[in-house]
Structures are given as C-alpha cells and as structure tokens.
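Read through the structure below, which is laid out as structure tokens, and then see the notes.
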Amino acid sequence: MINIIWALMAIIGIVYAMFNGTMDQVNQELFASAGEAVTLIIGLSSVLIFWLGILRIAEKAGLLSGFAKLARPVVRRLFPEIPPDHPAMGYILANISANLFGLGNAATPMGIKAMEEMKKLSKSDTASSSMITFLVINTTSITLVPTTVIAIRMEYGSQAPTEIVSSTIIASVITTVAAIIIDRLWRKRRE
C-alpha cells in the first residue's frame with residue numbers, strides 16, 4: 001500500500017510540474033537530490049559501521065553478555081510466558097542491546113528472529129502477549145547513543161551533533177516506561 005502512495009505522489013508531482021511549466025526544475029532537483037542521498041548514505045554507513053564495530057568489541061569483551069545478565073531479570077518479568085533458556089530470550093536481549101546503541105538496522109534481524117521464536121511458542125495465528133510487549137518495547141526502545149541522528153547532524157554540518165544525547169535518553173526512557181505501563185494495563189483488561 002505504501003508503495004502505491006509513493007508512486008501516486010510522484011506521478012501527481014510530475015503531472016503538476018508538466019502543467020505548471022516547472023519540469024526543468026523538477027529534473028534539476030531530482031538529480032541534485034539523488035546525489036545528496038548517495039552522500040548521506042555514505043556518511044550514515046560510516047557511522048553505522050563504526051558503531052557496529054564498537055558493538056562487536058563490546059561483545060568480544062563480554063560487555064553485552066554482562067548487560068544480558070543484568071537485564072535478564074527485568075526481561076523475564078516483562079516476558080513471563082517465555083522460558084528462561086528459550087532462544088527467543090537471547091534474541092530479545094540482543095535486540096534491546098542493539099537498540100540501546102541506536103543501531104536499529106542491526107537490531108532488526110534480531111527482532112525478527114525473536115518474533116519467529118515467540119510465534120513457535122504461541123502456536124496461534126494471533127499475536128501473543130509476549131509478541132505485543134516485545135513490539136511495544138522495540139518500537140519505543142531506550143536509546144543511549146542515537147547514532148543515526150548524530151550521523152545525520154554531522155553530515156549536515158551541525159556544530160554540536162551529540163548535544164541531543166541527553167534529550168534522546170530522557171525521551172526514550174519516558175516513552176518506553178509509558179508504553180510498558182499501557183501494555184500492562186491493556187493486558188490486565190484482556191485477561
């Protein structure tokens with residue numbers, strides 16, 4: 001559906017430009033924007049690669065497993081239906097770890113695997129309570145280092161690209177806590 005919406009927007013814009021006599025400007029902006037998009041992707045890729053490297057170093061140093069041990073009691077309370085030694089729990093913890101560092105792209109495959117594993121546990125066509133809770137937490141995800149936003153700010157010449165870190169932490173903690181509270185209230189209401 002979203003592809004249809006984007007296609008319609010592009011077609012409407014081109015038709016409007018043809019009737020308005022601004023097709024040359026549209027062509028110029030099209031090629032300028034394409035070049036800017038490639039430059040932005042290269043800039044974002046370098047920052048993402050850097051933070052993935054840091055995440056890999058943290059993993060090799062045992063920091064991620066240490067975080068997983070610290071977070072496991074909290075995650076167990078959030079997902080009581082999942083057995084502690086089930087693979088879904090490991091994927092959930094890995095997803096949360098990646099999201100903490102603002103690596104949404106790296107967190108996505110782990111989130112998908114976590115959902116697949118939880119689907120095996122539920123043996124139903126509808127989303128289980130654990131799946132809904134995971135989706136809520138994954139969507140709001142607490143972020144300590146918003147790497148993508150920092151990279152975009154650096155790419156566009158921000159004087160202080162990291163000044164958003166504290167506000168990002170505050171906002172993501174508030175949204176995650178609020179989302180968990182709402183999830184628990186809805187869960188109690190359904191039971």
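Labels for the structure tokens follow display order: chains A, B, ..., residues from 1 in each chain, ligands from 1.
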Give the alpha helix (DSSP H) residues of segment 80-178 of chain A, as assigned by DSSP on the backbone, as number ranges by chain.
A: 87-100, 104-122, 129-140, 147-155, 165-178
Tell me, as a VMD selection string, which residues lie within 9 Å of segment 158-171 of chain A, counting only C-alpha atoms; anything in the same chain fewer than 3 positions away does not count.
chain A and resid 142 to 146 149 to 155 174 to 176
Figure out the distance between atom CA of Ile57 of chain A and atom CA of Leu44 of chain A, please, to one decimal in Å.
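Atom CA of Ile57 of chain A lies 19.9 Å from atom CA of Leu44 of chain A.
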Select, from A:Val74, A:Ile42, A:Val47, A:Val173, the residue with the minimum atom-to-atom distance to Leu100 of chain A, counting only C-alpha atoms.
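When distances to Leu100 of chain A are compared using only C-alpha atoms, the smallest one comes from A:Val173.
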Find the residue from A:Ala98, A:Met131, A:Met1, A:Met23 that sits nearest to Ile54 of chain A; use only C-alpha atoms when measuring.
A:Ala98
Looking at only C-alpha atoms, which of A:Thr147, A:Ser172, A:Gln28, A:Ser130 is the one that sits closest to Met89 of chain A?
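Checking each of A:Thr147, A:Ser172, A:Gln28, A:Ser130 against Met89 of chain A, counting only C-alpha atoms, the winner is A:Ser130.
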What separates atom CA of Ala71 of chain A and atom CA of Ser45 of chain A is a distance of 29.0 Å
Can you pull out the residues contacting Arg77 of chain A? Cut-off 12 Å, using only C-alpha atoms, and skip same-chain residues under 4 positions away; I want them as a PDB file with N, CA, C and O atoms, in the first residue's frame.
```
ATOM      1  N   ALA A  71      20.168  -7.472  32.587  1.00  0.00           N
ATOM      2  CA  ALA A  71      18.828  -7.204  32.068  1.00  0.00           C
ATOM      3  C   ALA A  71      17.903  -8.413  32.144  1.00  0.00           C
ATOM      4  O   ALA A  71      16.687  -8.255  32.098  1.00  0.00           O
ATOM      5  N   ARG A  72      18.475  -9.604  32.260  1.00  0.00           N
ATOM      6  CA  ARG A  72      17.655 -10.823  32.234  1.00  0.00           C
ATOM      7  C   ARG A  72      16.527 -10.815  33.265  1.00  0.00           C
ATOM      8  O   ARG A  72      15.386 -11.154  32.916  1.00  0.00           O
ATOM      9  N   PRO A  73      16.753 -10.410  34.537  1.00  0.00           N
ATOM     10  CA  PRO A  73      15.626 -10.412  35.494  1.00  0.00           C
ATOM     11  C   PRO A  73      14.489  -9.469  35.061  1.00  0.00           C
ATOM     12  O   PRO A  73      13.316  -9.803  35.214  1.00  0.00           O
ATOM     13  N   GLU A  81       5.901 -15.495  29.903  1.00  0.00           N
ATOM     14  CA  GLU A  81       5.453 -16.679  29.158  1.00  0.00           C
ATOM     15  C   GLU A  81       6.605 -17.401  28.457  1.00  0.00           C
ATOM     16  O   GLU A  81       6.455 -18.526  28.007  1.00  0.00           O
ATOM     17  N   ILE A  82       7.758 -16.716  28.331  1.00  0.00           N
ATOM     18  CA  ILE A  82       8.895 -17.296  27.601  1.00  0.00           C
ATOM     19  C   ILE A  82       9.814 -18.009  28.594  1.00  0.00           C
ATOM     20  O   ILE A  82      10.249 -17.402  29.579  1.00  0.00           O
ATOM     21  N   PRO A  83      10.122 -19.277  28.347  1.00  0.00           N
ATOM     22  CA  PRO A  83      11.065 -19.984  29.234  1.00  0.00           C
ATOM     23  C   PRO A  83      12.423 -19.274  29.242  1.00  0.00           C
ATOM     24  O   PRO A  83      12.858 -18.751  28.212  1.00  0.00           O
ATOM     25  N   PRO A  84      13.099 -19.263  30.399  1.00  0.00           N
ATOM     26  CA  PRO A  84      14.363 -18.511  30.517  1.00  0.00           C
ATOM     27  C   PRO A  84      15.460 -18.947  29.543  1.00  0.00           C
ATOM     28  O   PRO A  84      16.273 -18.132  29.119  1.00  0.00           O
ATOM     29  N   MET A  89      14.486 -15.497  24.135  1.00  0.00           N
ATOM     30  CA  MET A  89      15.011 -14.620  25.173  1.00  0.00           C
ATOM     31  C   MET A  89      16.359 -14.037  24.756  1.00  0.00           C
ATOM     32  O   MET A  89      16.620 -12.849  24.965  1.00  0.00           O
ATOM     33  N   SER A 130       3.351 -11.788  24.724  1.00  0.00           N
ATOM     34  CA  SER A 130       4.794 -11.534  24.659  1.00  0.00           C
ATOM     35  C   SER A 130       5.178 -10.825  23.365  1.00  0.00           C
ATOM     36  O   SER A 130       6.023  -9.934  23.365  1.00  0.00           O
ATOM     37  N   THR A 133       4.119  -7.186  23.688  1.00  0.00           N
ATOM     38  CA  THR A 133       5.024  -6.485  24.594  1.00  0.00           C
ATOM     39  C   THR A 133       6.359  -6.207  23.910  1.00  0.00           C
ATOM     40  O   THR A 133       6.904  -5.102  24.013  1.00  0.00           O
ATOM     41  N   ILE A 180       5.215   0.476  28.337  1.00  0.00           N
ATOM     42  CA  ILE A 180       5.118  -0.746  29.151  1.00  0.00           C
ATOM     43  C   ILE A 180       3.922  -0.661  30.091  1.00  0.00           C
ATOM     44  O   ILE A 180       3.180  -1.637  30.265  1.00  0.00           O
ATOM     45  N   ARG A 184       0.751  -3.182  29.989  1.00  0.00           N
ATOM     46  CA  ARG A 184       0.313  -3.965  31.156  1.00  0.00           C
ATOM     47  C   ARG A 184      -1.153  -3.695  31.481  1.00  0.00           C
ATOM     48  O   ARG A 184      -1.890  -4.620  31.832  1.00  0.00           O
TER      49      ARG A 184
END
```
Atom pair atom CA of Asn95 of chain A / atom CA of Met110 of chain A: separation (Å)
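Taking atom CA of Asn95 of chain A as the start and atom CA of Met110 of chain A as the end point, the length is 5.4 Å.
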